[in-house]
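Asks: Sharing target04.pdb, PDB, C-alpha atoms, pLDDT in the B column:
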ATOM      1  CA  MET A   1     133.418  98.019  69.520  1.00 45.00           C
ATOM      2  CA  MET A   2     131.719  99.125  66.306  1.00 46.00           C
ATOM      3  CA  ARG A   3     131.966  95.589  64.892  1.00 48.00           C
ATOM      4  CA  LYS A   4     130.461  94.124  68.089  1.00 46.00           C
ATOM      5  CA  THR A   5     127.562  96.618  67.964  1.00 44.00           C
ATOM      6  CA  ALA A   6     126.956  95.844  64.279  1.00 43.00           C
ATOM      7  CA  VAL A   7     126.829  92.108  64.990  1.00 40.00           C
ATOM      8  CA  ILE A   8     124.388  92.609  67.877  1.00 47.00           C
ATOM      9  CA  LEU A   9     122.161  94.817  65.708  1.00 43.00           C
ATOM     10  CA  LEU A  10     122.273  92.286  62.870  1.00 40.00           C
ATOM     11  CA  ILE A  11     121.211  89.476  65.206  1.00 46.00           C
ATOM     12  CA  PHE A  12     118.435  91.655  66.609  1.00 42.00           C
ATOM     13  CA  PHE A  13     117.095  92.541  63.136  1.00 42.00           C
ATOM     14  CA  LEU A  14     117.287  88.898  62.010  1.00 43.00           C
ATOM     15  CA  PHE A  15     115.281  87.955  65.105  1.00 46.00           C
ATOM     16  CA  LEU A  16     112.663  90.608  64.301  1.00 45.00           C
ATOM     17  CA  ALA A  17     112.481  89.550  60.650  1.00 46.00           C
ATOM     18  CA  GLU A  18     112.138  85.858  61.546  1.00 48.00           C
ATOM     19  CA  ASN A  19     109.326  86.601  63.986  1.00 46.00           C
ATOM     20  CA  ALA A  20     107.579  88.958  61.563  1.00 47.00           C
ATOM     21  CA  ILE A  21     107.567  86.177  58.948  1.00 47.00           C
ATOM     22  CA  ALA A  22     106.364  83.600  61.477  1.00 48.00           C
ATOM     23  CA  GLY A  23     103.516  85.862  62.593  1.00 48.00           C
ATOM     24  CA  ALA A  24     102.848  88.297  65.384  1.00 48.00           C
ATOM     25  CA  VAL A  25     104.983  87.966  68.470  1.00 45.00           C
ATOM     26  CA  GLU A  26     103.278  88.126  71.839  1.00 52.00           C
ATOM     27  CA  PRO A  27     104.790  90.885  73.985  1.00 50.00           C
ATOM     28  CA  THR A  28     106.945  89.670  76.849  1.00 61.00           C
ATOM     29  CA  ALA A  29     105.393  90.210  80.259  1.00 63.00           C
ATOM     30  CA  LEU A  30     107.079  92.591  82.649  1.00 62.00           C
ATOM     31  CA  PRO A  31     108.549  90.883  85.745  1.00 60.00           C
ATOM     32  CA  TRP A  32     105.799  92.182  88.064  1.00 60.00           C
ATOM     33  CA  GLU A  33     103.188  90.803  85.651  1.00 70.00           C
ATOM     34  CA  ILE A  34     104.518  87.243  85.915  1.00 74.00           C
ATOM     35  CA  LEU A  35     102.745  85.249  88.595  1.00 76.00           C
ATOM     36  CA  LEU A  36     104.488  82.393  90.375  1.00 76.00           C
ATOM     37  CA  GLU A  37     102.783  79.072  91.167  1.00 78.00           C
ATOM     38  CA  ASP A  38     101.568  80.432  94.522  1.00 77.00           C
ATOM     39  CA  GLY A  39      99.861  83.357  92.772  1.00 76.00           C
ATOM     40  CA  TYR A  40     102.320  86.011  93.893  1.00 74.00           C
ATOM     41  CA  PRO A  41     104.230  88.126  91.357  1.00 74.00           C
ATOM     42  CA  ALA A  42     107.867  87.318  90.581  1.00 72.00           C
ATOM     43  CA  VAL A  43     108.794  90.937  91.395  1.00 74.00           C
ATOM     44  CA  ILE A  44     106.909  93.299  93.662  1.00 73.00           C
ATOM     45  CA  ASP A  45     107.633  96.861  92.550  1.00 71.00           C
ATOM     46  CA  ARG A  46     106.732  99.130  95.439  1.00 70.00           C
ATOM     47  CA  VAL A  47     108.926 101.925  94.086  1.00 68.00           C
ATOM     48  CA  THR A  48     106.700 102.818  91.124  1.00 72.00           C
ATOM     49  CA  ASP A  49     103.570 101.512  92.850  1.00 76.00           C
ATOM     50  CA  PRO A  50     103.808 102.009  96.653  1.00 76.00           C
ATOM     51  CA  GLU A  51     100.341 100.504  97.152  1.00 81.00           C
ATOM     52  CA  ALA A  52     101.135  97.250  95.299  1.00 77.00           C
ATOM     53  CA  TRP A  53     100.776  94.121  97.400  1.00 75.00           C
ATOM     54  CA  PRO A  54     100.349  95.804 100.800  1.00 78.00           C
ATOM     55  CA  ASP A  55     100.907  92.460 102.581  1.00 76.00           C
ATOM     56  CA  PHE A  56     104.549  92.685 101.502  1.00 72.00           C
ATOM     57  CA  ALA A  57     105.182  96.146 102.917  1.00 72.00           C
ATOM     58  CA  PHE A  58     108.115  96.545 105.300  1.00 71.00           C
ATOM     59  CA  SER A  59     107.337  97.915 108.724  1.00 74.00           C
ATOM     60  CA  ASP A  60     108.613 101.431 109.350  1.00 74.00           C
ATOM     61  CA  ASP A  61     111.423 100.187 111.634  1.00 79.00           C
ATOM     62  CA  THR A  62     112.773  97.600 109.163  1.00 78.00           C
ATOM     63  CA  GLU A  63     116.409  98.102 108.227  1.00 82.00           C
ATOM     64  CA  ILE A  64     116.588  98.259 104.445  1.00 81.00           C
ATOM     65  CA  LEU A  65     119.539  96.854 102.504  1.00 84.00           C
ATOM     66  CA  HIS A  66     120.414  99.231  99.664  1.00 86.00           C
ATOM     67  CA  ILE A  67     122.391  97.811  96.733  1.00 88.00           C
ATOM     68  CA  TRP A  68     124.193 100.264  94.445  1.00 90.00           C
ATOM     69  CA  VAL A  69     126.009  99.203  91.277  1.00 90.00           C
ATOM     70  CA  ALA A  70     128.316 101.672  89.556  1.00 89.00           C
ATOM     71  CA  ASN A  71     128.531 101.535  85.769  1.00 87.00           C
ATOM     72  CA  THR A  72     132.027 100.091  85.497  1.00 87.00           C
ATOM     73  CA  ARG A  73     131.436  98.323  82.208  1.00 83.00           C
ATOM     74  CA  ASP A  74     132.491  94.688  82.599  1.00 83.00           C
ATOM     75  CA  THR A  75     134.214  95.051  85.975  1.00 87.00           C
ATOM     76  CA  ASP A  76     132.643  94.784  89.411  1.00 89.00           C
ATOM     77  CA  ALA A  77     132.070  97.197  92.281  1.00 94.00           C
ATOM     78  CA  ILE A  78     128.849  96.830  94.248  1.00 94.00           C
ATOM     79  CA  LEU A  79     128.028  98.927  97.301  1.00 95.00           C
ATOM     80  CA  LEU A  80     125.835  97.367  99.998  1.00 94.00           C
ATOM     81  CA  GLN A  81     124.407  99.773 102.572  1.00 93.00           C
ATOM     82  CA  THR A  82     122.388  99.368 105.714  1.00 89.00           C
ATOM     83  CA  GLY A  83     121.568 102.113 108.153  1.00 82.00           C
ATOM     84  CA  THR A  84     124.950 101.792 109.835  1.00 85.00           C
ATOM     85  CA  GLU A  85     127.336 100.002 107.481  1.00 95.00           C
ATOM     86  CA  ASN A  86     128.836 100.326 103.996  1.00 96.00           C
ATOM     87  CA  TRP A  87     130.291  97.227 102.344  1.00 96.00           C
ATOM     88  CA  MET A  88     131.508  96.627  98.830  1.00 97.00           C
ATOM     89  CA  ILE A  89     131.765  93.493  96.765  1.00 95.00           C
ATOM     90  CA  ASP A  90     134.910  93.985  94.694  1.00 96.00           C
ATOM     91  CA  CYS A  91     136.468  97.347  93.866  1.00 94.00           C
ATOM     92  CA  THR A  92     136.755  97.469  90.059  1.00 95.00           C
ATOM     93  CA  GLU A  93     139.936  98.222  88.122  1.00 94.00           C
ATOM     94  CA  LYS A  94     141.932 101.448  88.210  1.00 94.00           C
ATOM     95  CA  ARG A  95     140.549 102.999  85.009  1.00 93.00           C
ATOM     96  CA  TRP A  96     136.900 102.549  86.105  1.00 93.00           C
ATOM     97  CA  ALA A  97     137.442 103.464  89.778  1.00 95.00           C
ATOM     98  CA  PRO A  98     136.569 107.164  89.145  1.00 95.00           C
ATOM     99  CA  ARG A  99     133.013 106.051  88.360  1.00 93.00           C
ATOM    100  CA  VAL A 100     132.811 104.245  91.700  1.00 95.00           C
ATOM    101  CA  VAL A 101     134.307 107.296  93.421  1.00 96.00           C
ATOM    102  CA  ALA A 102     131.644 109.503  91.782  1.00 94.00           C
ATOM    103  CA  MET A 103     128.923 107.145  93.034  1.00 94.00           C
ATOM    104  CA  LEU A 104     130.368 107.135  96.569  1.00 96.00           C
ATOM    105  CA  GLU A 105     130.612 110.935  96.581  1.00 95.00           C
ATOM    106  CA  LYS A 106     127.029 111.286  95.317  1.00 93.00           C
ATOM    107  CA  LEU A 107     125.877 108.997  98.150  1.00 93.00           C
ATOM    108  CA  ASN A 108     128.055 110.846 100.698  1.00 94.00           C
ATOM    109  CA  VAL A 109     129.949 107.657 101.553  1.00 96.00           C
ATOM    110  CA  THR A 110     133.246 108.510 103.251  1.00 97.00           C
ATOM    111  CA  HIS A 111     133.886 105.175 104.962  1.00 97.00           C
ATOM    112  CA  ILE A 112     133.676 101.543 103.823  1.00 98.00           C
ATOM    113  CA  ASP A 113     133.614  98.942 106.567  1.00 98.00           C
ATOM    114  CA  LYS A 114     134.458  95.947 104.396  1.00 97.00           C
ATOM    115  CA  VAL A 115     135.335  95.063 100.815  1.00 97.00           C
ATOM    116  CA  ILE A 116     134.688  91.423  99.937  1.00 96.00           C
ATOM    117  CA  ASN A 117     136.876  90.357  97.032  1.00 96.00           C
ATOM    118  CA  SER A 118     135.255  87.602  94.953  1.00 93.00           C
ATOM    119  CA  HIS A 119     138.418  86.651  93.087  1.00 93.00           C
ATOM    120  CA  PRO A 120     141.889  88.100  92.443  1.00 94.00           C
ATOM    121  CA  HIS A 121     141.566  89.581  88.960  1.00 94.00           C
ATOM    122  CA  HIS A 122     142.542  93.139  88.022  1.00 93.00           C
ATOM    123  CA  ASP A 123     138.934  94.133  87.377  1.00 93.00           C
ATOM    124  CA  HIS A 124     138.012  93.244  90.960  1.00 93.00           C
ATOM    125  CA  LEU A 125     141.054  94.552  92.870  1.00 95.00           C
ATOM    126  CA  ASN A 126     143.012  97.276  91.126  1.00 95.00           C
ATOM    127  CA  GLY A 127     140.679 100.144  92.065  1.00 96.00           C
ATOM    128  CA  ILE A 128     141.246  99.698  95.787  1.00 97.00           C
ATOM    129  CA  CYS A 129     143.593 102.693  96.235  1.00 97.00           C
ATOM    130  CA  LEU A 130     141.360 105.215  94.450  1.00 97.00           C
ATOM    131  CA  ILE A 131     138.317 103.976  96.336  1.00 97.00           C
ATOM    132  CA  ASP A 132     140.213 104.111  99.650  1.00 98.00           C
ATOM    133  CA  ASP A 133     141.251 107.706  98.848  1.00 98.00           C
ATOM    134  CA  CYS A 134     137.554 108.610  98.604  1.00 97.00           C
ATOM    135  CA  ALA A 135     136.070 106.401 101.327  1.00 97.00           C
ATOM    136  CA  GLU A 136     138.476 104.952 103.866  1.00 98.00           C
ATOM    137  CA  ILE A 137     138.357 101.133 103.772  1.00 98.00           C
ATOM    138  CA  ASP A 138     138.667  99.253 107.082  1.00 98.00           C
ATOM    139  CA  GLU A 139     138.913  95.687 105.803  1.00 98.00           C
ATOM    140  CA  LEU A 140     139.532  93.656 102.664  1.00 98.00           C
ATOM    141  CA  ALA A 141     138.169  90.099 102.893  1.00 97.00           C
ATOM    142  CA  ILE A 142     139.798  87.653 100.457  1.00 97.00           C
ATOM    143  CA  CYS A 143     139.258  83.989  99.631  1.00 95.00           C
ATOM    144  CA  PHE A 144     142.490  83.279  97.749  1.00 96.00           C
ATOM    145  CA  PRO A 145     146.093  83.161  98.969  1.00 97.00           C
ATOM    146  CA  GLU A 146     147.707  86.579  99.364  1.00 97.00           C
ATOM    147  CA  ASP A 147     150.383  85.683  96.800  1.00 97.00           C
ATOM    148  CA  VAL A 148     148.174  83.938  94.208  1.00 97.00           C
ATOM    149  CA  ASN A 149     148.983  86.466  91.446  1.00 97.00           C
ATOM    150  CA  ASP A 150     150.411  89.944  90.839  1.00 97.00           C
ATOM    151  CA  HIS A 151     147.020  91.642  91.294  1.00 96.00           C
ATOM    152  CA  MET A 152     146.583  90.130  94.740  1.00 97.00           C
ATOM    153  CA  ILE A 153     150.202  90.845  95.714  1.00 97.00           C
ATOM    154  CA  ASN A 154     149.762  94.506  94.719  1.00 97.00           C
ATOM    155  CA  ALA A 155     146.489  94.713  96.628  1.00 97.00           C
ATOM    156  CA  MET A 156     148.195  93.251  99.713  1.00 98.00           C
ATOM    157  CA  LEU A 157     150.990  95.839  99.441  1.00 98.00           C
ATOM    158  CA  SER A 158     148.425  98.637  99.113  1.00 97.00           C
ATOM    159  CA  CYS A 159     146.507  97.343 102.142  1.00 98.00           C
ATOM    160  CA  SER A 160     149.705  97.211 104.181  1.00 98.00           C
ATOM    161  CA  GLU A 161     150.693 100.762 103.192  1.00 98.00           C
ATOM    162  CA  ARG A 162     147.205 102.141 103.895  1.00 98.00           C
ATOM    163  CA  GLY A 163     146.451 100.241 107.102  1.00 98.00           C
ATOM    164  CA  ILE A 164     143.608  98.220 105.581  1.00 98.00           C
ATOM    165  CA  ASN A 165     143.055  95.034 107.590  1.00 98.00           C
ATOM    166  CA  VAL A 166     143.115  91.848 105.454  1.00 98.00           C
ATOM    167  CA  THR A 167     140.975  88.889 106.504  1.00 97.00           C
ATOM    168  CA  HIS A 168     140.301  85.532 104.874  1.00 97.00           C
ATOM    169  CA  TYR A 169     136.983  83.848 104.207  1.00 96.00           C
ATOM    170  CA  GLY A 170     135.945  80.548 102.665  1.00 94.00           C
ATOM    171  CA  ASP A 171     133.220  77.945 102.396  1.00 93.00           C
ATOM    172  CA  GLY A 172     130.886  78.244 105.369  1.00 93.00           C
ATOM    173  CA  THR A 173     131.810  81.814 106.285  1.00 95.00           C
ATOM    174  CA  ARG A 174     128.854  83.891 107.433  1.00 94.00           C
ATOM    175  CA  PHE A 175     128.879  87.664 107.075  1.00 93.00           C
ATOM    176  CA  ASN A 176     126.363  89.761 109.002  1.00 91.00           C
ATOM    177  CA  LEU A 177     125.587  93.107 107.417  1.00 90.00           C
ATOM    178  CA  GLY A 178     123.074  94.783 109.693  1.00 85.00           C
ATOM    179  CA  GLU A 179     120.080  92.466 109.724  1.00 81.00           C
ATOM    180  CA  ALA A 180     121.174  90.828 106.451  1.00 82.00           C
ATOM    181  CA  VAL A 181     123.087  87.549 106.472  1.00 85.00           C
ATOM    182  CA  LEU A 182     125.440  86.539 103.653  1.00 86.00           C
ATOM    183  CA  ASP A 183     126.552  82.888 103.650  1.00 90.00           C
ATOM    184  CA  VAL A 184     129.476  81.725 101.517  1.00 90.00           C
ATOM    185  CA  HIS A 185     129.076  78.405  99.680  1.00 88.00           C
ATOM    186  CA  LYS A 186     131.331  76.769  97.123  1.00 75.00           C
TER     187      LYS A 186
END
As structure tokens, what does this structure read like?
Replies:
Amino acid sequence: MMRKTAVILLIFFLFLAENAIAGAVEPTALPWEILLEDGYPAVIDRVTDPEAWPDFAFSDDTEILHIWVANTRDTDAILLQTGTENWMIDCTEKRWAPRVVAMLEKLNVTHIDKVINSHPHHDHLNGICLIDDCAEIDELAICFPEDVNDHMINAMLSCSERGINVTHYGDGTRFNLGEAVLDVHK
């Protein structure tokens, strides 16, 4: 880890030195300062500036999709929330699952309607039991065979023991999460 950090810092300082020699570097624009061809900003930040671009305001009755990402290093566990549903994309690995559990507890999530598994690697499946202990999971949606590898086999055994329904999805599957639509494409 120390070696990796040292290499990154070295590259960064070489970049700074090269640009200092070449002359002044123009500061990079923030995403909301970048205008697209149609004149609208690339990002509209109504969190820090609620009055920004009033034409893009949501009506008061619009269902908002909240996306929460736990800091699980280089594994994946993303919580998607609407007013009525909690979904996850992947469920991290066992050693990072406590971070996801802490996030779920902080958000008062005690139930997960669906976990969509993107692929059957340990860092996407092995946290399922710890997450289910915190927030009961109804369904695990998978796109690979149930016996494709040991990680998937173990996840299938855990689902069977815990009463988690397993479904399959593939190219062309459409998921409806509240008013949001997620289409699966190869």
Asks: Fewer than 2 positions away in the same chain doesn't count, so skip those; otherwise give me all residues within 8 Å of A:Gly127, counting only C-alpha atoms, as JSON, numbers by chain.
Replies: {"A": [91, 92, 93, 94, 95, 96, 97, 123, 124, 125, 129, 130, 131]}
Asks: Those selected residues, please, written with C-alpha atoms and delivered as a PDB file, keeping the file's coordinate frame.
Replies:
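What ended up in part_34.pdb:
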ATOM      1  CA  CYS A  91     136.468  97.347  93.866  1.00 94.00           C
ATOM      2  CA  THR A  92     136.755  97.469  90.059  1.00 95.00           C
ATOM      3  CA  GLU A  93     139.936  98.222  88.122  1.00 94.00           C
ATOM      4  CA  LYS A  94     141.932 101.448  88.210  1.00 94.00           C
ATOM      5  CA  ARG A  95     140.549 102.999  85.009  1.00 93.00           C
ATOM      6  CA  TRP A  96     136.900 102.549  86.105  1.00 93.00           C
ATOM      7  CA  ALA A  97     137.442 103.464  89.778  1.00 95.00           C
ATOM      8  CA  ASP A 123     138.934  94.133  87.377  1.00 93.00           C
ATOM      9  CA  HIS A 124     138.012  93.244  90.960  1.00 93.00           C
ATOM     10  CA  LEU A 125     141.054  94.552  92.870  1.00 95.00           C
ATOM     11  CA  CYS A 129     143.593 102.693  96.235  1.00 97.00           C
ATOM     12  CA  LEU A 130     141.360 105.215  94.450  1.00 97.00           C
ATOM     13  CA  ILE A 131     138.317 103.976  96.336  1.00 97.00           C
TER      14      ILE A 131
END
Asks: Which residue is closest to A:Ser118? Choose from A:Leu80, A:Leu36, A:Ile89, A:Met152 and count all atoms listed in the file.
Replies: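 Distance minimum relative to A:Ser118 lands on A:Ile89.
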Asks: Using only C-alpha atoms, find the one residue out of A:Val101, A:Ile137, A:Ile128, A:Met88 that sits nearest to A:Ser158.
Replies: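 Result for the nearest residue to A:Ser158: A:Ile128.
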Asks: Kindly indicate which residue among A:Asn176, A:Asn126, A:Thr72, A:Thr82 lies nearest to A:Cys159, using only C-alpha atoms for the distances.
Replies: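 Looking at the shortest contact to A:Cys159, the residue is A:Asn126.
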Asks: Tell me, in Å to one decimal, how far atom CA of A:Arg73 is from atom CA of A:Pro98.
Replies: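 Result for atom CA of A:Arg73 versus atom CA of A:Pro98: 12.4 Å, one decimal.
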Asks: So that I can check the surroundings of A:Ala180, please list as a PyMOL selection string every protein, DNA and RNA residue that reaches within 12 Å of it, counting only C-alpha atoms and ignoring chain neighbours fewer than 3 positions away.
Replies: chain A and resi 62-66+80-83+85+87+174-177+183
Asks: I'd like to see the residues matched by the PyMOL selection byres ((chain A and resi 165) around 7) on this file, and ideally I'd get them as a VMD selection string.
Replies: chain A and resid 138 to 140 159 163 to 164 166 to 167
Asks: Please write the residues picked by the PyMOL selection byres ((chain A and resi 169) around 12) on this file as a VMD selection string.
Replies: chain A and resid 115 to 119 140 to 145 166 to 168 170 to 175 182 to 186
Asks: Which residues, named as in the file, does the PyMOL selection byres ((chain A and resi 135) around 7) pick out? Answer as a PyMOL selection string.
Replies: chain A and resi 109-112+131-134+136-137
Asks: Could you give me, as a PDB file with C-alpha atoms, keeping the file's coordinate frame, the residues within 10 Å of A:Met103, counting all atoms listed in the file and dropping anything in the same chain fewer than 2 positions from it?
Replies:
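And here is the file that came out, selection-v2.pdb:
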ATOM      1  CA  TRP A  68     124.193 100.264  94.445  1.00 90.00           C
ATOM      2  CA  VAL A  69     126.009  99.203  91.277  1.00 90.00           C
ATOM      3  CA  ALA A  70     128.316 101.672  89.556  1.00 89.00           C
ATOM      4  CA  ASN A  71     128.531 101.535  85.769  1.00 87.00           C
ATOM      5  CA  LEU A  79     128.028  98.927  97.301  1.00 95.00           C
ATOM      6  CA  ALA A  97     137.442 103.464  89.778  1.00 95.00           C
ATOM      7  CA  PRO A  98     136.569 107.164  89.145  1.00 95.00           C
ATOM      8  CA  ARG A  99     133.013 106.051  88.360  1.00 93.00           C
ATOM      9  CA  VAL A 100     132.811 104.245  91.700  1.00 95.00           C
ATOM     10  CA  VAL A 101     134.307 107.296  93.421  1.00 96.00           C
ATOM     11  CA  GLU A 105     130.612 110.935  96.581  1.00 95.00           C
ATOM     12  CA  LYS A 106     127.029 111.286  95.317  1.00 93.00           C
ATOM     13  CA  LEU A 107     125.877 108.997  98.150  1.00 93.00           C
ATOM     14  CA  ASN A 108     128.055 110.846 100.698  1.00 94.00           C
ATOM     15  CA  VAL A 109     129.949 107.657 101.553  1.00 96.00           C
TER      16      VAL A 109
END
Asks: For atom CA of A:Asp147 and atom CA of A:Thr75, quote the distance in Å rounded to one decimal.
Replies: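 Separation of atom CA of A:Asp147 and atom CA of A:Thr75: 21.6 Å.
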Asks: Measure the distance from atom CA of A:Phe56 to atom CA of A:Val43 in Å and round it to one decimal.
Replies: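 Spanning atom CA of A:Phe56 to atom CA of A:Val43 is a straight-line distance of 11.1 Å.
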Asks: Counting all atoms listed in the file, which residue out of A:His121, A:Asp113, A:Ile153, A:Ile44 sits closest to A:Ala57?
Replies: A:Ile44
Asks: Pull stretch 86-105 of chain A out of the block and emit N, CA, C and O atoms, as an mmCIF file, in the first residue's frame.
Replies:
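Generated output (decode09.cif):
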data_model
loop_
_atom_site.group_PDB
_atom_site.id
_atom_site.type_symbol
_atom_site.label_atom_id
_atom_site.label_comp_id
_atom_site.auth_asym_id
_atom_site.auth_seq_id
_atom_site.Cartn_x
_atom_site.Cartn_y
_atom_site.Cartn_z
ATOM 1 N N ASN A 86 -36.281 -0.539 -1.451
ATOM 2 C CA ASN A 86 -34.829 -0.544 -1.248
ATOM 3 C C ASN A 86 -34.254 -1.674 -2.080
ATOM 4 O O ASN A 86 -34.629 -2.835 -1.894
ATOM 5 N N TRP A 87 -33.376 -1.349 -2.997
ATOM 6 C CA TRP A 87 -32.677 -2.343 -3.814
ATOM 7 C C TRP A 87 -31.187 -2.146 -3.601
ATOM 8 O O TRP A 87 -30.727 -1.053 -3.269
ATOM 9 N N MET A 88 -30.441 -3.208 -3.863
ATOM 10 C CA MET A 88 -28.986 -3.089 -3.871
ATOM 11 C C MET A 88 -28.445 -3.665 -5.163
ATOM 12 O O MET A 88 -29.007 -4.614 -5.717
ATOM 13 N N ILE A 89 -27.365 -3.086 -5.626
ATOM 14 C CA ILE A 89 -26.589 -3.676 -6.712
ATOM 15 C C ILE A 89 -25.344 -4.224 -6.039
ATOM 16 O O ILE A 89 -24.549 -3.469 -5.477
ATOM 17 N N ASP A 90 -25.249 -5.540 -6.023
ATOM 18 C CA ASP A 90 -24.165 -6.276 -5.377
ATOM 19 C C ASP A 90 -24.184 -6.092 -3.857
ATOM 20 O O ASP A 90 -24.878 -5.224 -3.330
ATOM 21 N N CYS A 91 -23.456 -6.968 -3.176
ATOM 22 C CA CYS A 91 -23.484 -6.934 -1.700
ATOM 23 C C CYS A 91 -22.101 -7.179 -1.106
ATOM 24 O O CYS A 91 -21.965 -7.859 -0.110
ATOM 25 N N THR A 92 -21.082 -6.642 -1.735
ATOM 26 C CA THR A 92 -19.708 -6.583 -1.246
ATOM 27 C C THR A 92 -19.151 -7.952 -0.825
ATOM 28 O O THR A 92 -19.724 -8.992 -1.121
ATOM 29 N N GLU A 93 -18.017 -7.949 -0.187
ATOM 30 C CA GLU A 93 -17.439 -9.184 0.341
ATOM 31 C C GLU A 93 -17.563 -9.152 1.864
ATOM 32 O O GLU A 93 -17.847 -8.114 2.463
ATOM 33 N N LYS A 94 -17.338 -10.287 2.477
ATOM 34 C CA LYS A 94 -17.586 -10.438 3.920
ATOM 35 C C LYS A 94 -16.832 -9.405 4.764
ATOM 36 O O LYS A 94 -17.405 -8.813 5.680
ATOM 37 N N ARG A 95 -15.565 -9.154 4.461
ATOM 38 C CA ARG A 95 -14.786 -8.270 5.343
ATOM 39 C C ARG A 95 -15.220 -6.813 5.251
ATOM 40 O O ARG A 95 -14.962 -6.026 6.157
ATOM 41 N N TRP A 96 -15.873 -6.404 4.142
ATOM 42 C CA TRP A 96 -16.325 -5.019 4.005
ATOM 43 C C TRP A 96 -17.820 -4.869 4.304
ATOM 44 O O TRP A 96 -18.327 -3.744 4.380
ATOM 45 N N ALA A 97 -18.521 -5.983 4.486
ATOM 46 C CA ALA A 97 -19.962 -5.929 4.754
ATOM 47 C C ALA A 97 -20.315 -5.085 5.987
ATOM 48 O O ALA A 97 -21.353 -4.412 5.979
ATOM 49 N N PRO A 98 -19.491 -5.068 7.061
ATOM 50 C CA PRO A 98 -19.846 -4.202 8.198
ATOM 51 C C PRO A 98 -20.001 -2.728 7.824
ATOM 52 O O PRO A 98 -20.795 -2.007 8.440
ATOM 53 N N ARG A 99 -19.283 -2.279 6.815
ATOM 54 C CA ARG A 99 -19.449 -0.885 6.370
ATOM 55 C C ARG A 99 -20.818 -0.685 5.717
ATOM 56 O O ARG A 99 -21.447 0.355 5.881
ATOM 57 N N VAL A 100 -21.258 -1.680 4.956
ATOM 58 C CA VAL A 100 -22.578 -1.601 4.332
ATOM 59 C C VAL A 100 -23.650 -1.664 5.423
ATOM 60 O O VAL A 100 -24.624 -0.904 5.397
ATOM 61 N N VAL A 101 -23.448 -2.555 6.389
ATOM 62 C CA VAL A 101 -24.384 -2.668 7.511
ATOM 63 C C VAL A 101 -24.482 -1.329 8.244
ATOM 64 O O VAL A 101 -25.584 -0.869 8.572
ATOM 65 N N ALA A 102 -23.362 -0.678 8.493
ATOM 66 C CA ALA A 102 -23.370 0.627 9.171
ATOM 67 C C ALA A 102 -24.161 1.652 8.360
ATOM 68 O O ALA A 102 -24.938 2.436 8.925
ATOM 69 N N MET A 103 -23.988 1.639 7.040
ATOM 70 C CA MET A 103 -24.733 2.553 6.178
ATOM 71 C C MET A 103 -26.234 2.263 6.270
ATOM 72 O O MET A 103 -27.045 3.173 6.429
ATOM 73 N N LEU A 104 -26.599 0.976 6.177
ATOM 74 C CA LEU A 104 -28.014 0.599 6.242
ATOM 75 C C LEU A 104 -28.622 1.005 7.582
ATOM 76 O O LEU A 104 -29.747 1.521 7.631
ATOM 77 N N GLU A 105 -27.889 0.782 8.660
ATOM 78 C CA GLU A 105 -28.388 1.167 9.988
ATOM 79 C C GLU A 105 -28.566 2.680 10.089
ATOM 80 O O GLU A 105 -29.560 3.160 10.618
#
